[in-house]
>>> print(open('query-v1.cif').read())   # mmCIF, N, CA and C atoms
data_my_file
#
loop_
_atom_site.group_PDB
_atom_site.id
_atom_site.type_symbol
_atom_site.label_atom_id
_atom_site.label_comp_id
_atom_site.auth_asym_id
_atom_site.auth_seq_id
_atom_site.Cartn_x
_atom_site.Cartn_y
_atom_site.Cartn_z
ATOM 1 N N MET A 1 16.843 -150.125 -74.044
ATOM 2 C CA MET A 1 15.979 -149.897 -75.194
ATOM 3 C C MET A 1 14.649 -150.580 -74.942
ATOM 4 N N SER A 2 13.581 -149.901 -75.190
ATOM 5 C CA SER A 2 12.261 -150.455 -74.939
ATOM 6 C C SER A 2 11.864 -151.386 -76.084
ATOM 7 N N ALA A 3 10.883 -152.234 -75.789
ATOM 8 C CA ALA A 3 10.402 -153.178 -76.787
ATOM 9 C C ALA A 3 9.497 -152.484 -77.810
ATOM 10 N N ALA A 4 8.915 -151.347 -77.444
ATOM 11 C CA ALA A 4 8.016 -150.629 -78.342
ATOM 12 C C ALA A 4 8.810 -149.961 -79.462
ATOM 13 N N ALA A 5 8.183 -149.865 -80.622
ATOM 14 C CA ALA A 5 8.818 -149.192 -81.754
ATOM 15 C C ALA A 5 8.929 -147.706 -81.461
ATOM 16 N N LYS A 6 10.042 -147.128 -81.884
ATOM 17 C CA LYS A 6 10.244 -145.695 -81.664
ATOM 18 C C LYS A 6 9.588 -144.908 -82.786
ATOM 19 N N SER A 7 9.122 -143.733 -82.434
ATOM 20 C CA SER A 7 8.524 -142.851 -83.437
ATOM 21 C C SER A 7 9.641 -142.227 -84.271
ATOM 22 N N PRO A 8 9.312 -141.700 -85.455
ATOM 23 C CA PRO A 8 10.329 -141.027 -86.257
ATOM 24 C C PRO A 8 11.019 -139.897 -85.487
ATOM 25 N N ALA A 9 10.274 -139.171 -84.677
ATOM 26 C CA ALA A 9 10.867 -138.076 -83.913
ATOM 27 C C ALA A 9 11.886 -138.608 -82.904
ATOM 28 N N GLU A 10 11.572 -139.745 -82.273
ATOM 29 C CA GLU A 10 12.512 -140.331 -81.315
ATOM 30 C C GLU A 10 13.767 -140.838 -82.020
ATOM 31 N N LEU A 11 13.594 -141.434 -83.207
ATOM 32 C CA LEU A 11 14.746 -141.911 -83.962
ATOM 33 C C LEU A 11 15.638 -140.747 -84.387
ATOM 34 N N ILE A 12 15.021 -139.663 -84.820
ATOM 35 C CA ILE A 12 15.791 -138.480 -85.219
ATOM 36 C C ILE A 12 16.533 -137.913 -84.016
ATOM 37 N N ALA A 13 15.882 -137.858 -82.860
ATOM 38 C CA ALA A 13 16.533 -137.356 -81.648
ATOM 39 C C ALA A 13 17.713 -138.240 -81.270
ATOM 40 N N ASP A 14 17.539 -139.562 -81.383
ATOM 41 C CA ASP A 14 18.640 -140.493 -81.085
ATOM 42 C C ASP A 14 19.811 -140.263 -82.031
ATOM 43 N N LEU A 15 19.517 -140.135 -83.325
ATOM 44 C CA LEU A 15 20.587 -139.904 -84.298
ATOM 45 C C LEU A 15 21.300 -138.586 -84.026
ATOM 46 N N THR A 16 20.542 -137.568 -83.697
ATOM 47 C CA THR A 16 21.122 -136.263 -83.398
ATOM 48 C C THR A 16 22.044 -136.356 -82.190
ATOM 49 N N ASP A 17 21.613 -137.069 -81.159
ATOM 50 C CA ASP A 17 22.450 -137.252 -79.969
ATOM 51 C C ASP A 17 23.726 -138.013 -80.310
ATOM 52 N N GLN A 18 23.608 -139.048 -81.128
ATOM 53 C CA GLN A 18 24.778 -139.831 -81.507
ATOM 54 C C GLN A 18 25.784 -138.983 -82.277
ATOM 55 N N VAL A 19 25.294 -138.176 -83.202
ATOM 56 C CA VAL A 19 26.192 -137.308 -83.980
ATOM 57 C C VAL A 19 26.869 -136.298 -83.058
ATOM 58 N N ARG A 20 26.101 -135.715 -82.123
ATOM 59 C CA ARG A 20 26.677 -134.744 -81.194
ATOM 60 C C ARG A 20 27.780 -135.394 -80.353
ATOM 61 N N LEU A 21 27.516 -136.580 -79.833
ATOM 62 C CA LEU A 21 28.513 -137.275 -79.026
ATOM 63 C C LEU A 21 29.755 -137.629 -79.848
ATOM 64 N N LEU A 22 29.525 -138.047 -81.092
ATOM 65 C CA LEU A 22 30.671 -138.358 -81.962
ATOM 66 C C LEU A 22 31.518 -137.117 -82.224
ATOM 67 N N ARG A 23 30.865 -136.008 -82.445
ATOM 68 C CA ARG A 23 31.608 -134.765 -82.682
ATOM 69 C C ARG A 23 32.416 -134.366 -81.449
ATOM 70 N N GLN A 24 31.822 -134.562 -80.271
ATOM 71 C CA GLN A 24 32.556 -134.268 -79.042
ATOM 72 C C GLN A 24 33.765 -135.190 -78.918
ATOM 73 N N ASP A 25 33.559 -136.482 -79.192
ATOM 74 C CA ASP A 25 34.661 -137.442 -79.121
ATOM 75 C C ASP A 25 35.775 -137.072 -80.092
ATOM 76 N N VAL A 26 35.396 -136.703 -81.303
ATOM 77 C CA VAL A 26 36.411 -136.330 -82.290
ATOM 78 C C VAL A 26 37.146 -135.076 -81.840
ATOM 79 N N GLY A 27 36.399 -134.130 -81.292
ATOM 80 C CA GLY A 27 37.054 -132.919 -80.788
ATOM 81 C C GLY A 27 38.078 -133.256 -79.713
ATOM 82 N N ASN A 28 37.699 -134.138 -78.799
ATOM 83 C CA ASN A 28 38.626 -134.556 -77.742
ATOM 84 C C ASN A 28 39.808 -135.327 -78.312
ATOM 85 N N LEU A 29 39.535 -136.249 -79.197
ATOM 86 C CA LEU A 29 40.611 -137.055 -79.777
ATOM 87 C C LEU A 29 41.532 -136.213 -80.660
ATOM 88 N N THR A 30 40.948 -135.296 -81.407
ATOM 89 C CA THR A 30 41.765 -134.437 -82.260
ATOM 90 C C THR A 30 42.694 -133.574 -81.409
ATOM 91 N N ALA A 31 42.191 -133.108 -80.288
ATOM 92 C CA ALA A 31 43.007 -132.266 -79.402
ATOM 93 C C ALA A 31 44.171 -133.053 -78.809
ATOM 94 N N THR A 32 44.017 -134.357 -78.652
ATOM 95 C CA THR A 32 45.077 -135.172 -78.047
ATOM 96 C C THR A 32 45.773 -136.076 -79.056
ATOM 97 N N ALA A 33 45.425 -135.959 -80.336
ATOM 98 C CA ALA A 33 46.027 -136.808 -81.358
ATOM 99 C C ALA A 33 47.521 -136.533 -81.448
ATOM 100 N N THR A 34 48.265 -137.600 -81.680
ATOM 101 C CA THR A 34 49.719 -137.449 -81.745
ATOM 102 C C THR A 34 50.188 -136.961 -83.116
ATOM 103 N N THR A 35 49.377 -137.182 -84.127
ATOM 104 C CA THR A 35 49.777 -136.747 -85.467
ATOM 105 C C THR A 35 48.602 -136.107 -86.190
ATOM 106 N N LYS A 36 48.945 -135.298 -87.177
ATOM 107 C CA LYS A 36 47.902 -134.703 -88.009
ATOM 108 C C LYS A 36 47.201 -135.769 -88.842
ATOM 109 N N ALA A 37 47.921 -136.792 -89.244
ATOM 110 C CA ALA A 37 47.322 -137.866 -90.040
ATOM 111 C C ALA A 37 46.251 -138.592 -89.228
ATOM 112 N N GLU A 38 46.524 -138.844 -87.959
ATOM 113 C CA GLU A 38 45.549 -139.502 -87.095
ATOM 114 C C GLU A 38 44.306 -138.628 -86.940
ATOM 115 N N ALA A 39 44.515 -137.340 -86.723
ATOM 116 C CA ALA A 39 43.396 -136.418 -86.582
ATOM 117 C C ALA A 39 42.580 -136.370 -87.875
ATOM 118 N N ALA A 40 43.246 -136.396 -89.000
ATOM 119 C CA ALA A 40 42.549 -136.362 -90.283
ATOM 120 C C ALA A 40 41.710 -137.625 -90.475
ATOM 121 N N ARG A 41 42.243 -138.770 -90.082
ATOM 122 C CA ARG A 41 41.473 -140.022 -90.186
ATOM 123 C C ARG A 41 40.242 -139.968 -89.287
ATOM 124 N N LEU A 42 40.402 -139.455 -88.096
ATOM 125 C CA LEU A 42 39.266 -139.342 -87.182
ATOM 126 C C LEU A 42 38.201 -138.413 -87.751
ATOM 127 N N ARG A 43 38.632 -137.297 -88.285
ATOM 128 C CA ARG A 43 37.696 -136.331 -88.862
ATOM 129 C C ARG A 43 36.939 -136.953 -90.038
ATOM 130 N N ALA A 44 37.651 -137.689 -90.891
ATOM 131 C CA ALA A 44 37.013 -138.344 -92.036
ATOM 132 C C ALA A 44 35.994 -139.376 -91.567
ATOM 133 N N SER A 45 36.332 -140.092 -90.510
ATOM 134 C CA SER A 45 35.414 -141.086 -89.961
ATOM 135 C C SER A 45 34.132 -140.429 -89.460
ATOM 136 N N VAL A 46 34.267 -139.335 -88.751
ATOM 137 C CA VAL A 46 33.085 -138.630 -88.230
ATOM 138 C C VAL A 46 32.262 -138.049 -89.369
ATOM 139 N N GLN A 47 32.904 -137.544 -90.383
ATOM 140 C CA GLN A 47 32.167 -136.996 -91.517
ATOM 141 C C GLN A 47 31.344 -138.087 -92.196
ATOM 142 N N LYS A 48 31.908 -139.287 -92.350
ATOM 143 C CA LYS A 48 31.167 -140.392 -92.959
ATOM 144 C C LYS A 48 29.980 -140.775 -92.084
ATOM 145 N N ILE A 49 30.192 -140.876 -90.782
ATOM 146 C CA ILE A 49 29.110 -141.234 -89.865
ATOM 147 C C ILE A 49 28.018 -140.165 -89.903
ATOM 148 N N THR A 50 28.414 -138.915 -89.970
ATOM 149 C CA THR A 50 27.439 -137.815 -90.031
ATOM 150 C C THR A 50 26.614 -137.895 -91.309
ATOM 151 N N ILE A 51 27.261 -138.168 -92.419
ATOM 152 C CA ILE A 51 26.550 -138.300 -93.699
ATOM 153 C C ILE A 51 25.565 -139.466 -93.622
ATOM 154 N N ASP A 52 26.002 -140.586 -93.046
ATOM 155 C CA ASP A 52 25.117 -141.744 -92.896
ATOM 156 C C ASP A 52 23.916 -141.402 -92.007
ATOM 157 N N ALA A 53 24.160 -140.695 -90.919
ATOM 158 C CA ALA A 53 23.076 -140.319 -90.002
ATOM 159 C C ALA A 53 22.085 -139.382 -90.696
ATOM 160 N N LEU A 54 22.587 -138.451 -91.485
ATOM 161 C CA LEU A 54 21.712 -137.536 -92.204
ATOM 162 C C LEU A 54 20.858 -138.282 -93.233
ATOM 163 N N GLU A 55 21.442 -139.282 -93.882
ATOM 164 C CA GLU A 55 20.682 -140.085 -94.846
ATOM 165 C C GLU A 55 19.594 -140.875 -94.124
ATOM 166 N N GLN A 56 19.914 -141.442 -92.973
ATOM 167 C CA GLN A 56 18.898 -142.150 -92.192
ATOM 168 C C GLN A 56 17.788 -141.189 -91.778
ATOM 169 N N ASN A 57 18.165 -139.992 -91.394
ATOM 170 C CA ASN A 57 17.185 -138.971 -91.012
ATOM 171 C C ASN A 57 16.260 -138.664 -92.187
ATOM 172 N N ARG A 58 16.822 -138.544 -93.378
ATOM 173 C CA ARG A 58 16.033 -138.270 -94.581
ATOM 174 C C ARG A 58 15.067 -139.425 -94.845
ATOM 175 N N GLN A 59 15.557 -140.641 -94.703
ATOM 176 C CA GLN A 59 14.711 -141.810 -94.940
ATOM 177 C C GLN A 59 13.573 -141.894 -93.916
ATOM 178 N N ILE A 60 13.879 -141.585 -92.671
ATOM 179 C CA ILE A 60 12.850 -141.607 -91.627
ATOM 180 C C ILE A 60 11.788 -140.549 -91.931
ATOM 181 N N GLY A 61 12.217 -139.368 -92.319
ATOM 182 C CA GLY A 61 11.275 -138.301 -92.664
ATOM 183 C C GLY A 61 10.401 -138.688 -93.843
ATOM 184 N N SER A 62 10.994 -139.308 -94.837
ATOM 185 C CA SER A 62 10.249 -139.744 -96.015
ATOM 186 C C SER A 62 9.222 -140.812 -95.635
ATOM 187 N N THR A 63 9.629 -141.755 -94.799
ATOM 188 C CA THR A 63 8.722 -142.805 -94.357
ATOM 189 C C THR A 63 7.582 -142.232 -93.527
ATOM 190 N N ALA A 64 7.890 -141.301 -92.646
ATOM 191 C CA ALA A 64 6.855 -140.673 -91.818
ATOM 192 C C ALA A 64 5.849 -139.924 -92.693
ATOM 193 N N ALA A 65 6.335 -139.229 -93.701
ATOM 194 C CA ALA A 65 5.442 -138.490 -94.598
ATOM 195 C C ALA A 65 4.540 -139.452 -95.364
ATOM 196 N N GLU A 66 5.106 -140.568 -95.826
ATOM 197 C CA GLU A 66 4.304 -141.563 -96.550
ATOM 198 C C GLU A 66 3.251 -142.171 -95.634
ATOM 199 N N MET A 67 3.608 -142.470 -94.404
ATOM 200 C CA MET A 67 2.641 -143.019 -93.444
ATOM 201 C C MET A 67 1.509 -142.021 -93.196
ATOM 202 N N SER A 68 1.845 -140.762 -93.097
ATOM 203 C CA SER A 68 0.840 -139.729 -92.880
ATOM 204 C C SER A 68 -0.120 -139.653 -94.064
ATOM 205 N N ARG A 69 0.416 -139.704 -95.274
ATOM 206 C CA ARG A 69 -0.434 -139.669 -96.479
ATOM 207 C C ARG A 69 -1.371 -140.883 -96.513
ATOM 208 N N ARG A 70 -0.834 -142.055 -96.179
ATOM 209 C CA ARG A 70 -1.661 -143.267 -96.174
ATOM 210 C C ARG A 70 -2.779 -143.166 -95.144
ATOM 211 N N MET A 71 -2.448 -142.692 -93.949
ATOM 212 C CA MET A 71 -3.460 -142.558 -92.905
ATOM 213 C C MET A 71 -4.557 -141.592 -93.348
ATOM 214 N N HIS A 72 -4.167 -140.494 -93.960
ATOM 215 C CA HIS A 72 -5.134 -139.505 -94.436
ATOM 216 C C HIS A 72 -6.040 -140.122 -95.503
ATOM 217 N N ARG A 73 -5.425 -140.799 -96.460
ATOM 218 C CA ARG A 73 -6.186 -141.440 -97.536
ATOM 219 C C ARG A 73 -7.140 -142.486 -96.967
ATOM 220 N N ASP A 74 -6.642 -143.332 -96.051
ATOM 221 C CA ASP A 74 -7.483 -144.372 -95.459
ATOM 222 C C ASP A 74 -8.628 -143.764 -94.641
ATOM 223 N N SER A 75 -8.362 -142.663 -93.959
ATOM 224 C CA SER A 75 -9.413 -141.987 -93.196
ATOM 225 C C SER A 75 -10.494 -141.452 -94.121
ATOM 226 N N LEU A 76 -10.075 -140.855 -95.225
ATOM 227 C CA LEU A 76 -11.050 -140.344 -96.196
ATOM 228 C C LEU A 76 -11.882 -141.477 -96.788
ATOM 229 N N THR A 77 -11.227 -142.579 -97.102
ATOM 230 C CA THR A 77 -11.944 -143.730 -97.659
ATOM 231 C C THR A 77 -12.956 -144.267 -96.655
ATOM 232 N N ALA A 78 -12.557 -144.403 -95.406
ATOM 233 C CA ALA A 78 -13.461 -144.916 -94.369
ATOM 234 C C ALA A 78 -14.640 -143.972 -94.164
ATOM 235 N N ALA A 79 -14.375 -142.684 -94.180
ATOM 236 C CA ALA A 79 -15.456 -141.710 -94.016
ATOM 237 C C ALA A 79 -16.419 -141.763 -95.192
ATOM 238 N N GLN A 80 -15.887 -141.892 -96.393
ATOM 239 C CA GLN A 80 -16.735 -141.971 -97.591
ATOM 240 C C GLN A 80 -17.595 -143.233 -97.564
ATOM 241 N N GLU A 81 -16.969 -144.364 -97.176
ATOM 242 C CA GLU A 81 -17.731 -145.618 -97.101
ATOM 243 C C GLU A 81 -18.830 -145.522 -96.038
ATOM 244 N N ALA A 82 -18.527 -144.907 -94.916
ATOM 245 C CA ALA A 82 -19.533 -144.751 -93.865
ATOM 246 C C ALA A 82 -20.671 -143.843 -94.332
ATOM 247 N N ALA A 83 -20.344 -142.811 -95.086
ATOM 248 C CA ALA A 83 -21.368 -141.885 -95.588
ATOM 249 C C ALA A 83 -22.236 -142.553 -96.654
ATOM 250 N N ASP A 84 -21.690 -143.494 -97.382
ATOM 251 C CA ASP A 84 -22.437 -144.149 -98.455
ATOM 252 C C ASP A 84 -23.388 -145.231 -97.939
ATOM 253 N N ARG A 85 -23.205 -145.663 -96.705
ATOM 254 C CA ARG A 85 -24.077 -146.709 -96.137
ATOM 255 C C ARG A 85 -25.463 -146.140 -95.859
ATOM 256 N N PRO A 86 -26.490 -146.977 -96.046
ATOM 257 C CA PRO A 86 -27.855 -146.490 -95.817
ATOM 258 C C PRO A 86 -28.172 -146.303 -94.338
#
>>> encode(input="query-v1.cif", output="structure tokens")
Amino acid sequence: MSAAAKSPAELIADLTDQVRLLRQDVGNLTATATTKAEAARLRASVQKITIDALEQNRQIGSTAAEMSRRMHRDSLTAAQEAADRP
């Protein structure tokens, strides 16, 4: 992991990869599970992780949108202040 902060797009890609890998693992484990109860527990676990990942994705998107709005507003303010100078 790099020391630099990841962009929202990189975080979303990481979450997507993690969910995909988890689904593959569950598919493999479900295929080799000794009982239906074990398979059901695994499936429930993956569903919870998927829901959590989707919520994180939503939060990242919301934060990115807010940052974009702030940058736009700050740019407009800076341009207006520069235009008002003699």
>>> resolve_selection(input="query-v1.cif", expression="the PyMOL selection byres ((chain A and resi 14-25) around 8)", output="PyMOL selection string")
chain A and resi 8-13+26-31+46+49-50+53-54+57
>>> atom_distance(input="query-v1.cif", atom1="atom CA of Gln56 of chain A", atom2="atom CA of Ser7 of chain A")
13.6 Å
>>> atom_distance(input="query-v1.cif", atom1="atom CA of Ala5 of chain A", atom2="atom CA of Met67 of chain A")
14.6 Å
>>> axis_aligned_box(input="query-v1.cif", around="segment 43-54 of chain A", padding_each_side="5 Å", output="lines of an AutoDock Vina configuration file")
center_x = 29.7
center_y = -139.0
center_z = -91.0
size_x = 27.8
size_y = 15.4
size_z = 15.5
>>> atom_distance(input="query-v1.cif", atom1="atom CA of Thr34 of chain A", atom2="atom CA of Ile51 of chain A")
26.1 Å
